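Below is model.cif, which holds mmCIF, C-alpha atoms and all ligand atoms.
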data_target
loop_
_atom_site.label_atom_id
_atom_site.label_comp_id
_atom_site.auth_asym_id
_atom_site.auth_seq_id
_atom_site.Cartn_x
_atom_site.Cartn_y
_atom_site.Cartn_z
CA MET H 208 73.74 110.86 123.85
CA VAL H 209 71.52 109.88 120.93
CA GLN H 210 68.68 107.52 121.78
CA VAL H 211 68.22 104.57 119.41
CA PRO H 212 64.96 103.05 120.66
CA THR H 213 64.24 100.68 117.77
CA GLN H 214 67.47 98.76 118.11
CA THR H 215 68.34 95.63 120.04
CA ILE H 216 71.41 94.74 122.07
CA LEU H 217 73.11 91.77 120.39
CA ALA H 218 74.29 89.48 123.14
CA PRO H 219 71.36 88.93 125.50
CA VAL H 220 68.50 88.74 122.99
CA VAL H 221 67.06 85.23 122.75
CA ALA H 222 63.71 84.67 121.04
CA ALA H 223 61.02 82.93 123.07
CA GLY H 224 61.12 79.20 122.41
CA ALA H 225 64.45 79.37 120.61
CA THR H 226 66.99 76.64 121.21
CA GLU H 227 69.94 77.40 123.46
CA GLY H 228 72.50 79.61 121.72
CA ALA H 229 70.03 80.81 119.08
CA GLY H 230 68.50 84.31 119.04
CA THR H 231 66.49 86.64 116.84
CA LEU H 232 67.88 86.81 113.34
CA ALA H 233 69.46 90.20 112.67
CA GLY H 234 69.32 91.70 109.17
CA LYS H 235 72.21 91.17 106.80
CA GLY H 236 75.13 93.38 107.82
CA LEU H 237 73.76 93.69 111.41
CA ARG H 238 72.74 97.33 110.80
CA GLU H 239 69.89 97.31 113.35
CA VAL H 240 72.00 95.64 116.05
CA VAL H 241 73.76 97.47 118.89
CA ALA H 242 76.69 95.19 119.57
CA GLY H 243 77.92 96.74 122.79
CA GLN H 244 78.32 99.90 124.85
CA THR H 245 81.11 102.44 124.50
CA SER H 246 82.11 105.78 126.03
CA ILE H 247 84.52 106.53 123.19
CA SER H 248 82.42 107.83 120.29
CA ASP H 249 78.85 108.23 119.14
CA ILE H 250 77.07 108.87 115.82
CA ASP H 251 73.67 110.26 114.85
CA GLY H 252 73.38 108.97 111.29
CA GLN H 253 70.17 110.84 110.48
CA ALA H 254 71.48 114.23 111.59
CA GLY H 255 75.01 113.59 110.29
CA ARG H 256 76.74 114.14 113.63
CA LEU H 257 79.73 112.47 115.27
CA TRP H 258 81.13 112.96 118.77
CA TYR H 259 84.27 111.70 120.49
CA VAL H 260 83.53 111.50 124.23
CA GLY H 261 80.74 114.04 123.74
CA TYR H 262 82.82 116.57 121.78
CA GLU H 263 81.44 117.35 118.33
CA ILE H 264 83.85 116.30 115.54
CA ALA H 265 83.92 119.77 113.92
CA ASP H 266 84.93 121.27 117.28
CA LEU H 267 87.77 118.75 117.61
CA ALA H 268 88.85 119.21 113.97
CA GLU H 269 89.08 122.94 114.59
CA ASN H 270 90.84 122.84 117.97
CA ALA H 271 92.39 119.49 118.91
CA THR H 272 95.71 117.98 117.93
CA PHE H 273 95.91 114.27 117.17
CA GLU H 274 97.89 113.72 120.38
CA GLU H 275 95.07 115.34 122.41
CA VAL H 276 92.58 113.05 120.68
CA VAL H 277 94.69 109.98 121.53
CA TYR H 278 94.51 111.05 125.17
CA LEU H 279 90.79 111.84 124.94
CA LEU H 280 89.86 108.45 123.49
CA HIS H 281 91.93 106.53 126.03
CA HIS H 282 91.13 108.57 129.16
CA ILE H 283 87.60 109.74 128.25
CA CYS H 284 88.59 113.30 129.15
CA LEU H 285 90.79 116.01 127.65
CA PRO H 286 94.37 116.17 128.92
CA LYS H 287 95.74 118.95 131.11
CA ARG H 288 99.02 120.38 129.81
CA ASP H 289 101.30 118.14 131.92
CA GLU H 290 99.27 115.06 130.98
CA LEU H 291 99.56 115.89 127.29
CA ASP H 292 103.30 116.54 127.66
CA GLU H 293 103.74 113.15 129.31
CA LEU H 294 101.83 111.30 126.60
CA THR H 295 103.66 113.17 123.83
CA ALA H 296 107.09 112.50 125.37
CA PHE H 297 106.31 108.78 125.69
CA MET H 298 105.14 108.53 122.08
CA VAL H 299 108.17 110.46 120.76
CA GLU H 300 110.43 108.07 122.70
CA GLU H 301 108.65 105.09 121.14
CA ARG H 302 108.81 106.14 117.48
CA ASP H 303 111.80 103.96 116.55
CA LEU H 304 111.29 100.47 115.13
CA SER H 305 112.69 97.40 116.89
CA PRO H 306 115.74 95.65 115.36
CA LEU H 307 113.45 92.86 114.10
CA LEU H 308 111.24 95.36 112.25
CA GLN H 309 114.24 97.24 110.86
CA ASN H 310 115.59 93.97 109.48
CA MET H 311 112.26 92.89 108.05
CA MET H 312 111.45 96.20 106.39
CA PRO H 313 113.66 95.98 103.24
CA GLU H 314 112.16 92.59 102.43
CA LEU H 315 108.60 93.76 103.11
CA ALA H 316 109.19 96.84 100.97
CA GLN H 317 110.02 94.64 97.99
CA GLN H 318 107.49 91.85 98.50
CA THR H 319 104.26 93.21 99.92
CA SER H 320 101.56 95.82 99.41
CA PRO H 321 101.43 98.68 101.96
CA MET H 322 98.47 97.30 103.93
CA SER H 323 99.99 93.80 104.02
CA MET H 324 103.24 95.32 105.26
CA LEU H 325 101.36 97.18 107.99
CA ARG H 326 99.42 94.08 109.06
CA THR H 327 102.67 92.08 109.20
CA GLY H 328 104.64 94.91 110.83
CA VAL H 329 102.12 95.41 113.62
CA SER H 330 102.00 91.68 114.24
CA ALA H 331 105.82 91.52 114.35
CA ALA H 332 105.99 94.57 116.64
CA SER H 333 104.78 92.32 119.46
CA ALA H 334 108.12 90.47 119.42
CA TYR H 335 110.16 93.30 120.94
CA ASP H 336 107.55 95.02 123.05
CA PRO H 337 109.21 95.85 126.39
CA ASP H 338 106.06 94.82 128.25
CA GLY H 339 106.17 91.32 126.72
CA TRP H 340 103.27 89.18 127.91
CA ASP H 341 102.30 91.57 130.72
CA GLU H 342 98.57 92.12 130.25
CA SER H 343 98.00 94.57 133.12
CA ARG H 344 95.97 97.73 132.37
CA GLU H 345 99.15 99.81 132.56
CA ALA H 346 101.04 97.52 130.15
CA GLN H 347 98.11 97.48 127.73
CA TYR H 348 98.09 101.29 127.73
CA ARG H 349 101.82 101.45 126.99
CA LYS H 350 101.41 98.87 124.20
CA ALA H 351 98.59 100.98 122.74
CA LEU H 352 100.68 104.17 122.72
CA ARG H 353 103.67 102.33 121.24
CA LEU H 354 101.48 101.12 118.37
CA VAL H 355 100.19 104.66 117.76
CA ALA H 356 103.78 105.98 117.91
CA LYS H 357 105.37 103.38 115.60
CA THR H 358 102.77 103.16 112.82
CA PRO H 359 103.99 106.32 111.01
CA THR H 360 107.57 105.00 111.14
CA LEU H 361 106.49 101.68 109.64
CA ILE H 362 104.68 103.36 106.74
CA ALA H 363 107.38 105.96 106.03
CA SER H 364 110.29 103.46 106.24
CA TYR H 365 108.48 101.09 103.91
CA HIS H 366 107.89 103.84 101.37
CA ARG H 367 111.47 105.14 101.49
CA LEU H 368 112.88 101.65 101.01
CA ARG H 369 110.59 100.64 98.16
CA THR H 370 111.50 103.83 96.29
CA GLY H 371 115.25 103.29 96.83
CA GLN H 372 115.63 106.19 99.29
CA GLU H 373 117.40 106.35 102.65
CA VAL H 374 115.15 105.76 105.63
CA VAL H 375 114.64 109.03 107.54
CA PRO H 376 114.80 108.41 111.31
CA PRO H 377 111.92 109.85 113.34
CA SER H 378 112.33 113.39 114.65
CA THR H 379 112.35 113.91 118.41
CA LYS H 380 111.03 117.45 118.01
CA LEU H 381 108.14 117.34 115.56
CA PRO H 382 104.53 116.46 116.47
CA HIS H 383 102.98 113.21 115.20
CA ALA H 384 101.63 114.46 111.85
CA ALA H 385 104.61 116.69 110.99
CA ASN H 386 107.02 113.89 111.91
CA PHE H 387 105.21 111.55 109.53
CA LEU H 388 105.61 113.98 106.61
CA TRP H 389 109.25 114.49 107.59
CA MET H 390 109.97 110.73 107.57
CA LEU H 391 108.00 110.17 104.36
CA LEU H 392 109.22 113.06 102.22
CA GLY H 393 112.60 113.76 103.86
CA THR H 394 112.05 117.53 104.07
CA GLU H 395 110.88 119.75 106.91
CA PRO H 396 107.12 119.99 106.29
CA ASP H 397 105.26 123.21 105.70
CA PRO H 398 103.44 123.97 109.02
CA GLU H 399 100.10 124.43 107.25
CA ASP H 400 100.45 121.09 105.43
CA ALA H 401 101.32 119.40 108.72
CA ALA H 402 98.31 121.06 110.39
CA ALA H 403 96.03 119.85 107.56
CA LEU H 404 97.35 116.30 107.90
CA ASP H 405 96.90 116.47 111.67
CA THR H 406 93.25 117.46 111.14
CA THR H 407 92.71 114.42 108.91
CA PHE H 408 94.17 112.24 111.69
CA VAL H 409 91.71 113.78 114.17
CA LEU H 410 88.84 113.03 111.78
CA TYR H 411 89.90 109.42 111.16
CA ALA H 412 90.76 108.62 114.80
CA ASP H 413 87.56 106.78 115.75
CA HIS H 414 84.13 105.87 114.45
CA THR H 415 82.10 103.68 116.82
CA MET H 416 81.49 100.04 115.89
CA ASN H 417 82.74 100.03 112.29
CA ALA H 418 83.96 96.74 110.76
CA SER H 419 87.62 97.03 111.81
CA THR H 420 86.85 98.24 115.35
CA PHE H 421 84.30 95.47 115.82
CA THR H 422 86.92 92.99 114.58
CA ALA H 423 89.42 94.31 117.12
CA ARG H 424 86.84 94.07 119.92
CA ILE H 425 85.90 90.51 118.97
CA ILE H 426 89.55 89.45 119.10
CA ALA H 427 90.08 91.31 122.40
CA SER H 428 86.98 89.62 123.84
CA THR H 429 88.76 86.27 123.66
CA LEU H 430 91.48 87.92 125.82
CA ALA H 431 93.97 87.65 122.98
CA ASP H 432 96.64 90.37 123.23
CA MET H 433 96.57 93.95 121.91
CA PHE H 434 98.80 93.16 118.89
CA SER H 435 96.52 90.31 117.78
CA ALA H 436 93.45 92.53 118.03
CA ILE H 437 95.05 95.36 116.05
CA THR H 438 96.46 93.01 113.40
CA GLY H 439 92.89 91.79 112.82
CA ALA H 440 91.58 95.35 112.66
CA ILE H 441 94.11 96.24 109.94
CA ALA H 442 93.05 93.18 107.96
CA ALA H 443 89.40 94.29 108.15
CA LEU H 444 90.24 97.86 107.17
CA LYS H 445 92.00 96.78 103.98
CA GLY H 446 88.90 96.14 101.87
CA PRO H 447 87.54 98.73 99.42
CA LEU H 448 84.17 98.79 101.19
CA HIS H 449 85.93 100.09 104.33
CA GLY H 450 89.33 101.84 104.50
CA GLY H 451 90.30 101.05 100.92
CA ALA H 452 87.73 103.57 99.66
CA ASN H 453 90.09 106.58 99.89
CA GLU H 454 92.51 104.92 97.45
CA GLU H 455 89.65 103.96 95.15
CA SER H 456 88.38 107.56 95.26
CA MET H 457 91.80 108.84 94.16
CA LYS H 458 91.88 106.33 91.29
CA MET H 459 88.50 107.67 90.16
CA PHE H 460 89.79 111.28 90.24
CA GLU H 461 92.70 110.21 88.04
CA GLU H 462 90.39 108.37 85.64
CA VAL H 463 88.16 111.45 85.37
CA GLY H 464 91.20 113.71 84.85
CA ASP H 465 89.19 116.88 84.28
CA PRO H 466 86.13 118.29 86.14
CA ALA H 467 84.23 118.53 82.84
CA GLY H 468 84.36 114.74 82.50
CA ALA H 469 82.96 113.99 85.94
CA GLU H 470 79.26 113.90 85.07
CA ALA H 471 79.64 111.40 82.21
CA TYR H 472 82.02 109.30 84.29
CA VAL H 473 79.60 108.99 87.21
CA ARG H 474 76.64 108.27 84.92
CA ASP H 475 78.64 105.50 83.17
CA ARG H 476 79.69 103.98 86.48
CA LEU H 477 76.15 103.95 87.80
CA GLU H 478 74.80 102.49 84.54
CA ARG H 479 77.33 99.67 84.87
CA LYS H 480 76.03 99.22 88.45
CA GLU H 481 79.46 100.08 89.83
CA LYS H 482 79.89 101.84 93.16
CA VAL H 483 81.08 105.43 93.23
CA PHE H 484 83.78 105.09 95.86
CA GLY H 485 83.73 107.48 98.79
CA PHE H 486 79.91 107.71 98.71
CA GLY H 487 77.23 106.17 100.86
CA HIS H 488 77.54 105.01 104.41
CA ALA H 489 76.20 102.27 106.60
CA VAL H 490 75.18 104.79 109.28
CA TYR H 491 75.06 108.32 107.81
CA LYS H 492 72.00 109.02 105.71
CA THR H 493 73.15 112.57 105.01
CA MET H 494 76.54 114.30 104.68
CA ASP H 495 79.23 112.63 106.80
CA PRO H 496 80.33 115.48 109.14
CA ARG H 497 83.98 114.51 108.56
CA ALA H 498 83.48 114.97 104.80
CA THR H 499 82.24 118.54 105.42
CA VAL H 500 85.55 119.40 107.12
CA LEU H 501 87.61 117.50 104.55
CA LYS H 502 85.90 119.23 101.64
CA ARG H 503 86.97 122.61 103.02
CA LEU H 504 90.45 121.27 103.73
CA SER H 505 90.71 119.85 100.21
CA ARG H 506 89.95 123.29 98.74
CA GLU H 507 92.38 125.02 101.12
CA VAL H 508 95.35 122.69 100.54
CA GLY H 509 94.67 122.81 96.79
CA GLU H 510 94.65 126.63 96.76
CA ARG H 511 97.81 126.79 98.83
CA ALA H 512 99.59 124.36 96.51
CA GLY H 513 98.21 126.09 93.38
CA ASP H 514 96.63 122.77 92.34
CA THR H 515 92.84 122.83 92.76
CA ARG H 516 92.18 120.36 89.93
CA TRP H 517 91.65 117.40 92.28
CA HIS H 518 89.28 119.33 94.47
CA GLU H 519 87.30 120.49 91.43
CA ILE H 520 87.07 116.93 90.07
CA ALA H 521 85.90 115.68 93.48
CA ASP H 522 83.37 118.50 93.72
CA ALA H 523 81.96 117.67 90.27
CA ILE H 524 81.70 113.95 91.13
CA GLU H 525 79.89 114.87 94.34
CA GLU H 526 77.35 117.00 92.47
CA THR H 527 76.45 114.26 89.99
CA THR H 528 76.40 111.42 92.53
CA LEU H 529 74.06 113.37 94.79
CA GLU H 530 71.81 114.30 91.88
CA GLN H 531 71.80 110.81 90.27
CA LYS H 532 71.75 108.58 93.31
CA GLY H 533 71.00 110.77 96.34
CA LEU H 534 74.30 109.67 97.91
CA PHE H 535 76.57 111.91 100.01
CA PRO H 536 80.36 111.71 100.29
CA ASN H 537 81.87 109.93 103.27
CA VAL H 538 85.20 110.54 105.04
CA ASP H 539 87.27 108.77 102.40
CA PHE H 540 86.25 110.91 99.44
CA TYR H 541 87.81 114.31 100.12
CA ALA H 542 90.56 112.73 102.24
CA ALA H 543 91.89 111.40 98.93
CA SER H 544 92.26 114.84 97.32
CA VAL H 545 93.80 116.28 100.52
CA TYR H 546 96.39 113.49 100.73
CA HIS H 547 97.20 113.65 97.03
CA VAL H 548 97.98 117.37 97.19
CA LEU H 549 100.10 116.82 100.32
CA GLY H 550 102.30 114.50 98.22
CA ILE H 551 101.09 111.20 99.65
CA PRO H 552 101.10 108.28 97.18
CA THR H 553 97.67 106.77 96.56
CA ASP H 554 98.52 103.33 97.93
CA LEU H 555 99.54 104.84 101.27
CA MET H 556 96.11 106.43 101.84
CA THR H 557 94.56 103.39 103.51
CA PRO H 558 97.64 102.80 105.72
CA ILE H 559 97.29 106.46 106.78
CA PHE H 560 93.66 105.79 107.72
CA ALA H 561 95.06 102.93 109.88
CA LEU H 562 97.73 105.23 111.35
CA ALA H 563 95.01 107.56 112.65
CA ARG H 564 92.47 104.87 113.56
CA MET H 565 95.15 103.22 115.69
CA ALA H 566 94.07 105.71 118.38
CA GLY H 567 90.47 104.49 118.35
CA TRP H 568 91.20 100.78 117.84
CA THR H 569 93.55 100.62 120.82
CA ALA H 570 91.09 102.57 123.00
CA HIS H 571 88.28 100.19 122.04
CA VAL H 572 90.44 97.15 122.77
CA ARG H 573 91.20 98.49 126.26
CA GLU H 574 87.53 99.30 126.79
CA GLN H 575 86.63 95.75 125.79
CA TYR H 576 89.18 94.24 128.20
CA ALA H 577 87.85 96.44 131.01
CA ASP H 578 84.32 95.01 130.82
CA ASN H 579 84.57 91.81 128.87
CA ARG H 580 82.38 88.95 127.80
CA VAL H 581 83.43 86.86 124.84
CA ILE H 582 81.56 88.05 121.72
CA ARG H 583 79.86 85.04 120.25
CA PRO H 584 76.67 85.68 118.26
CA GLY H 585 74.46 82.86 117.02
CA SER H 586 73.58 81.97 113.43
CA GLU H 587 70.47 80.68 111.69
CA TYR H 588 71.05 77.27 110.17
CA VAL H 589 69.67 77.07 106.59
CA GLY H 590 71.37 73.84 105.38
CA PRO H 591 69.84 70.36 105.01
CA ARG H 592 68.55 68.50 108.08
CA ASN H 593 67.87 64.92 109.15
CA GLN H 594 70.55 63.36 107.00
CA ARG H 595 71.90 59.83 107.55
CA TRP H 596 75.51 58.83 107.09
CA ILE H 597 76.24 57.19 103.66
CA PRO H 598 79.37 55.03 103.38
CA ILE H 599 81.85 56.53 100.94
CA ASP H 600 81.43 53.90 98.17
CA GLU H 601 77.63 54.32 98.14
CA ARG H 602 77.60 58.13 97.59
C1 LIG J 701 79.62 102.25 102.61
C2 LIG J 701 78.73 101.17 101.99
C3 LIG J 701 79.48 99.83 102.04
C4 LIG J 701 77.47 101.09 102.84
O1 LIG J 701 76.78 100.00 102.42
P1 LIG J 701 75.28 99.70 102.83
O2 LIG J 701 74.87 100.38 104.05
O3 LIG J 701 75.18 98.24 102.80
O4 LIG J 701 74.50 100.37 101.70
P2 LIG J 701 73.95 99.57 100.50
O5 LIG J 701 75.12 98.98 99.80
O6 LIG J 701 72.85 98.68 100.99
O7 LIG J 701 73.35 100.70 99.60
C5 LIG J 701 72.00 100.91 99.38
C6 LIG J 701 71.82 101.22 97.91
O8 LIG J 701 72.65 102.32 97.54
C7 LIG J 701 73.60 101.90 96.56
N1 LIG J 701 74.89 102.45 96.89
C8 LIG J 701 75.42 102.59 98.13
N2 LIG J 701 76.61 103.15 98.04
C9 LIG J 701 76.84 103.37 96.74
C10 LIG J 701 77.90 103.94 96.05
N3 LIG J 701 78.97 104.39 96.69
N4 LIG J 701 77.80 104.03 94.72
C11 LIG J 701 76.74 103.61 94.07
N5 LIG J 701 75.68 103.06 94.68
C12 LIG J 701 75.73 102.94 96.00
C13 LIG J 701 73.64 100.39 96.65
O9 LIG J 701 74.05 99.81 95.44
C14 LIG J 701 72.23 100.09 97.00
O10 LIG J 701 71.44 100.19 95.84
P3 LIG J 701 70.29 99.13 95.53
O11 LIG J 701 69.34 99.27 96.67
O12 LIG J 701 69.80 99.57 94.22
O13 LIG J 701 70.99 97.81 95.53
C15 LIG J 701 78.36 101.51 100.55
O14 LIG J 701 77.72 102.76 100.53
C16 LIG J 701 79.54 101.50 99.64
O15 LIG J 701 79.92 100.44 99.13
N6 LIG J 701 80.16 102.69 99.36
C17 LIG J 701 81.35 102.75 98.54
C18 LIG J 701 82.56 102.33 99.33
C19 LIG J 701 82.96 103.34 100.36
O16 LIG J 701 83.00 104.53 100.09
N7 LIG J 701 83.26 102.87 101.56
C20 LIG J 701 83.73 103.72 102.64
C21 LIG J 701 82.76 103.76 103.76
S1 LIG J 701 83.24 104.93 104.98
#

In C-alpha cells, write the structure found in this file.
Amino acid sequence: MVQVPTQTILAPVVAAGATEGAGTLAGKGLREVVAGQTSISDIDGQAGRLWYVGYEIADLAENATFEEVVYLLHHICLPKRDELDELTAFMVEERDLSPLLQNMMPELAQQTSPMSMLRTGVSAASAYDPDGWDESREAQYRKALRLVAKTPTLIASYHRLRTGQEVVPPSTKLPHAANFLWMLLGTEPDPEDAAALDTTFVLYADHTMNASTFTARIIASTLADMFSAITGAIAALKGPLHGGANEESMKMFEEVGDPAGAEAYVRDRLERKEKVFGFGHAVYKTMDPRATVLKRLSREVGERAGDTRWHEIADAIEETTLEQKGLFPNVDFYAASVYHVLGIPTDLMTPIFALARMAGWTAHVREQYADNRVIRPGSEYVGPRNQRWIPIDER
C-alpha cells in the first residue's frame, strides 16, 4: 500500500490548547486529510495508479467482469467459481423493479431528469425491500446486491418510457452489462460492445474517498440505512465537478464537431477561464490510469462502429489541454466517447457512472457499518463574536 506520510487522520487530530470539538484547520476541499481507513481501493496520485483490493486497475480492466468486481469489493477477495455463480444468480433474480417503482416510473420519466429519477428511484426502492428494516450484516449485503442489480433496470425503463417505447424486461440470461444494453436499446447487444461497456463498469466501480463515497459513509456513520446512504451518494455524484463531467465532456465534443476545431475551442475556453471538462483531478497529478484504458477503448469501439470522429475530437482536445494547461484527462473524458458510440444518450452517462459506482458505494457503506464512529468534523468559526441581544425594534 502507498504510504502518505505528510497527511493527517481527520477524526482524532485536536490542536494543543484548542477548545473541545475543535481541531487543526484542514485546507479547503480537505485534500491533505485522510478521512478514514479502507481495504476496498487505493490510489497513488503522483504515479497515476489505482488498485481495488491490491489488484491494479489495468489488470482488472483486462481480466475481470463487473460481477467479479462487485464480489471483490464486498468480500475483499476474488470469488471462486461457485461464489461468483451464487452472486450472479442472486443479482439476476433481483433485476425486476418493485410494483411501487413500476408505477412511479412513467411519471418520473415525464417529470424528472435522469439523475433525479435515479435518486428518487433508489430512495423509493427501500419501500419494497424484502429485508425491510433488518439491519444485520447479511441483510445489508442483500440490500447492496439488490441495489446493484436494479439500477440498470431503473435507468433503462426510464429511458424507454420517456422516449415512448415499451419497457424491455430484464433478461435472465445476459450478464450485467449486456443486460443493460438489451433493456436500453431493445436488441441483443453485440458481444464486443457489451464487453466494452462491462470494462467501463469495472473502471467506474470504486475510487476511494471521492465526494459521493464520502457522502455515503457520512450518512452510514449515523447508522441510517443503506438506501439513505446511497440516495445521498447519488445526489453528490450529480454535480459537474464529479460524475456530471462525462456528460459535459460529450457536450464539448459536440460543440467542437470536428477535430480541426479542437485547438481553438480549448484555447477559447481557457481564455474565458472555463473548465475543460474531463480534465484535472483532485488526486491524480498525471494521467488517470482509468483514462489510459478508456482512451484505447474509445478508439477500438469507434473503429468497430466505423465512427472514429468522437475519439479524434477527444484526442485533439487532450493534446491542446495538456499543452496549454498541463492537465491530463480523467475517467470521465474518454468514457463519454465510448458511451456515445455504444448508442448511450448523453444525459444517461452520469446515471451509468452511478450504476457502476453502486458496487463501491455499497461496499463502503458496509465497511463503515462494520467499524463505525459517527463522522463529525469540526469547523473554524469566522463570524462576529461577543455580541449582545438587541430587541427587535431597536435594530
Ligand atoms: C476535478 C477538479 C474538480 C479537481 O479540482 P481541484 O483539485 O480543486 O483542482 P483545482 O480546481 O484547484 O485546479 C487547480 C488549477 O487548475 C485549474 N483546472 C483544474 N481543472 C481544470 C480544468 N478541467 N480545466 C481548466 N482548468 C482547470 C484550476 O482552474 C486551477 O487553476 P488556478 O490555480 O489558476 O485557479 C477539477 O480539475 C475540475 O473541475 N475538473 C473538471 C471537472 C471534471 O472533469 N470532474 C471530474 C473529476 S473525476

Closest atom pairs, chain H residues within 8 Å of ligand LIG 701 (chain J), all atoms listed in the file, as JSON lines:
{"residue": "H:Gly236", "atom": "CA", "partner": "J:LIG701", "partner_atom": "O3", "distance": 7.0}
{"residue": "H:Arg238", "atom": "CA", "partner": "J:LIG701", "partner_atom": "O2", "distance": 7.7}
{"residue": "H:Pro447", "atom": "CA", "partner": "J:LIG701", "partner_atom": "C18", "distance": 6.1}
{"residue": "H:Leu448", "atom": "CA", "partner": "J:LIG701", "partner_atom": "N7", "distance": 4.2}
{"residue": "H:His449", "atom": "CA", "partner": "J:LIG701", "partner_atom": "C20", "distance": 4.6}
{"residue": "H:Gly450", "atom": "CA", "partner": "J:LIG701", "partner_atom": "C20", "distance": 6.2}
{"residue": "H:Gly451", "atom": "CA", "partner": "J:LIG701", "partner_atom": "C20", "distance": 7.3}
{"residue": "H:Ala452", "atom": "CA", "partner": "J:LIG701", "partner_atom": "C19", "distance": 4.8}
{"residue": "H:Asn453", "atom": "CA", "partner": "J:LIG701", "partner_atom": "O16", "distance": 7.4}
{"residue": "H:Ser456", "atom": "CA", "partner": "J:LIG701", "partner_atom": "O16", "distance": 7.8}
{"residue": "H:Leu477", "atom": "CA", "partner": "J:LIG701", "partner_atom": "C11", "distance": 6.3}
{"residue": "H:Lys480", "atom": "CA", "partner": "J:LIG701", "partner_atom": "C11", "distance": 7.2}
{"residue": "H:Glu481", "atom": "CA", "partner": "J:LIG701", "partner_atom": "C11", "distance": 6.2}
{"residue": "H:Lys482", "atom": "CA", "partner": "J:LIG701", "partner_atom": "N4", "distance": 3.4}
{"residue": "H:Val483", "atom": "CA", "partner": "J:LIG701", "partner_atom": "N4", "distance": 3.9}
{"residue": "H:Phe484", "atom": "CA", "partner": "J:LIG701", "partner_atom": "C17", "distance": 4.3}
{"residue": "H:Gly485", "atom": "CA", "partner": "J:LIG701", "partner_atom": "O16", "distance": 3.3}
{"residue": "H:Phe486", "atom": "CA", "partner": "J:LIG701", "partner_atom": "N3", "distance": 4.0}
{"residue": "H:Gly487", "atom": "CA", "partner": "J:LIG701", "partner_atom": "O14", "distance": 3.5}
{"residue": "H:His488", "atom": "CA", "partner": "J:LIG701", "partner_atom": "C1", "distance": 3.9}
{"residue": "H:Ala489", "atom": "CA", "partner": "J:LIG701", "partner_atom": "O2", "distance": 3.4}
{"residue": "H:Val490", "atom": "CA", "partner": "J:LIG701", "partner_atom": "O2", "distance": 6.8}
{"residue": "H:Thr528", "atom": "CA", "partner": "J:LIG701", "partner_atom": "N4", "distance": 7.8}
{"residue": "H:Lys532", "atom": "CA", "partner": "J:LIG701", "partner_atom": "N5", "distance": 6.9}
{"residue": "H:Leu534", "atom": "CA", "partner": "J:LIG701", "partner_atom": "C9", "distance": 6.9}
{"residue": "H:Pro536", "atom": "CA", "partner": "J:LIG701", "partner_atom": "O16", "distance": 7.7}
{"residue": "H:Asn537", "atom": "CA", "partner": "J:LIG701", "partner_atom": "S1", "distance": 5.5}
{"residue": "H:Val538", "atom": "CA", "partner": "J:LIG701", "partner_atom": "S1", "distance": 5.9}
{"residue": "H:Asp539", "atom": "CA", "partner": "J:LIG701", "partner_atom": "S1", "distance": 6.1}
{"residue": "H:Phe540", "atom": "CA", "partner": "J:LIG701", "partner_atom": "O16", "distance": 7.2}

List as a PyMOL selection string the protein and nucleic acid residues near Pro377 (chain H), meaning an atom at most 12 Å away when all atoms listed in the file are counted, but skip any in the same chain fewer than 4 places from it.
chain H and resi 298-304+356-364+381-393+395

request  = Quote the spacing between CA of Pro337 (chain H) and CA of His571 (chain H) in Å to one decimal place.
outcome  =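 Taking CA of Pro337 (chain H) as the start and CA of His571 (chain H) as the end point, the length is 21.8 Å.
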
- Task: Find the residues around Ser320 (chain H) up to 12 Å (all atoms listed in the file counted), leave out those fewer than 6 positions away in its own chain, and share them as a ChimeraX atom specification.
- Result: /H:314,326-328,362,365-366,369,445,553-555,557-558

Any idea what the distance is between CA of Leu549 (chain H) and CA of Thr319 (chain H)?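 That distance, rounded to one decimal, is 24.0 Å.
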
Close residues, Met416 (chain H) itself excluded, 12 Å, only C-alpha atoms, min 4 positions apart in chain, as JSON, numbers by chain
{"H": [237, 238, 240, 241, 242, 243, 244, 245, 246, 247, 248, 249, 250, 420, 421, 422, 423, 424, 425, 440, 489, 490, 567, 568, 571, 572, 575]}

- [ ] Just the residues within 12 Å of Ala467 (chain H), please, counting only C-alpha atoms, with nothing from its chain fewer than 3 positions along; format it as a PyMOL selection string.
- [x] chain H and resi 460+463-464+470-473+516+519-524+526-527

Option closest in space to Ser305 (chain H), from H:Ala268, H:Ala331, H:Met324, H:Leu291 [counting all atoms listed in the file]
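The closest residue to Ser305 (chain H) is H:Ala331.
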
Separation of CA of Thr379 (chain H) from CA of Leu315 (chain H), in Å and rounded to one decimal
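According to the coordinates, CA of Thr379 (chain H) and CA of Leu315 (chain H) are separated by 25.6 Å.
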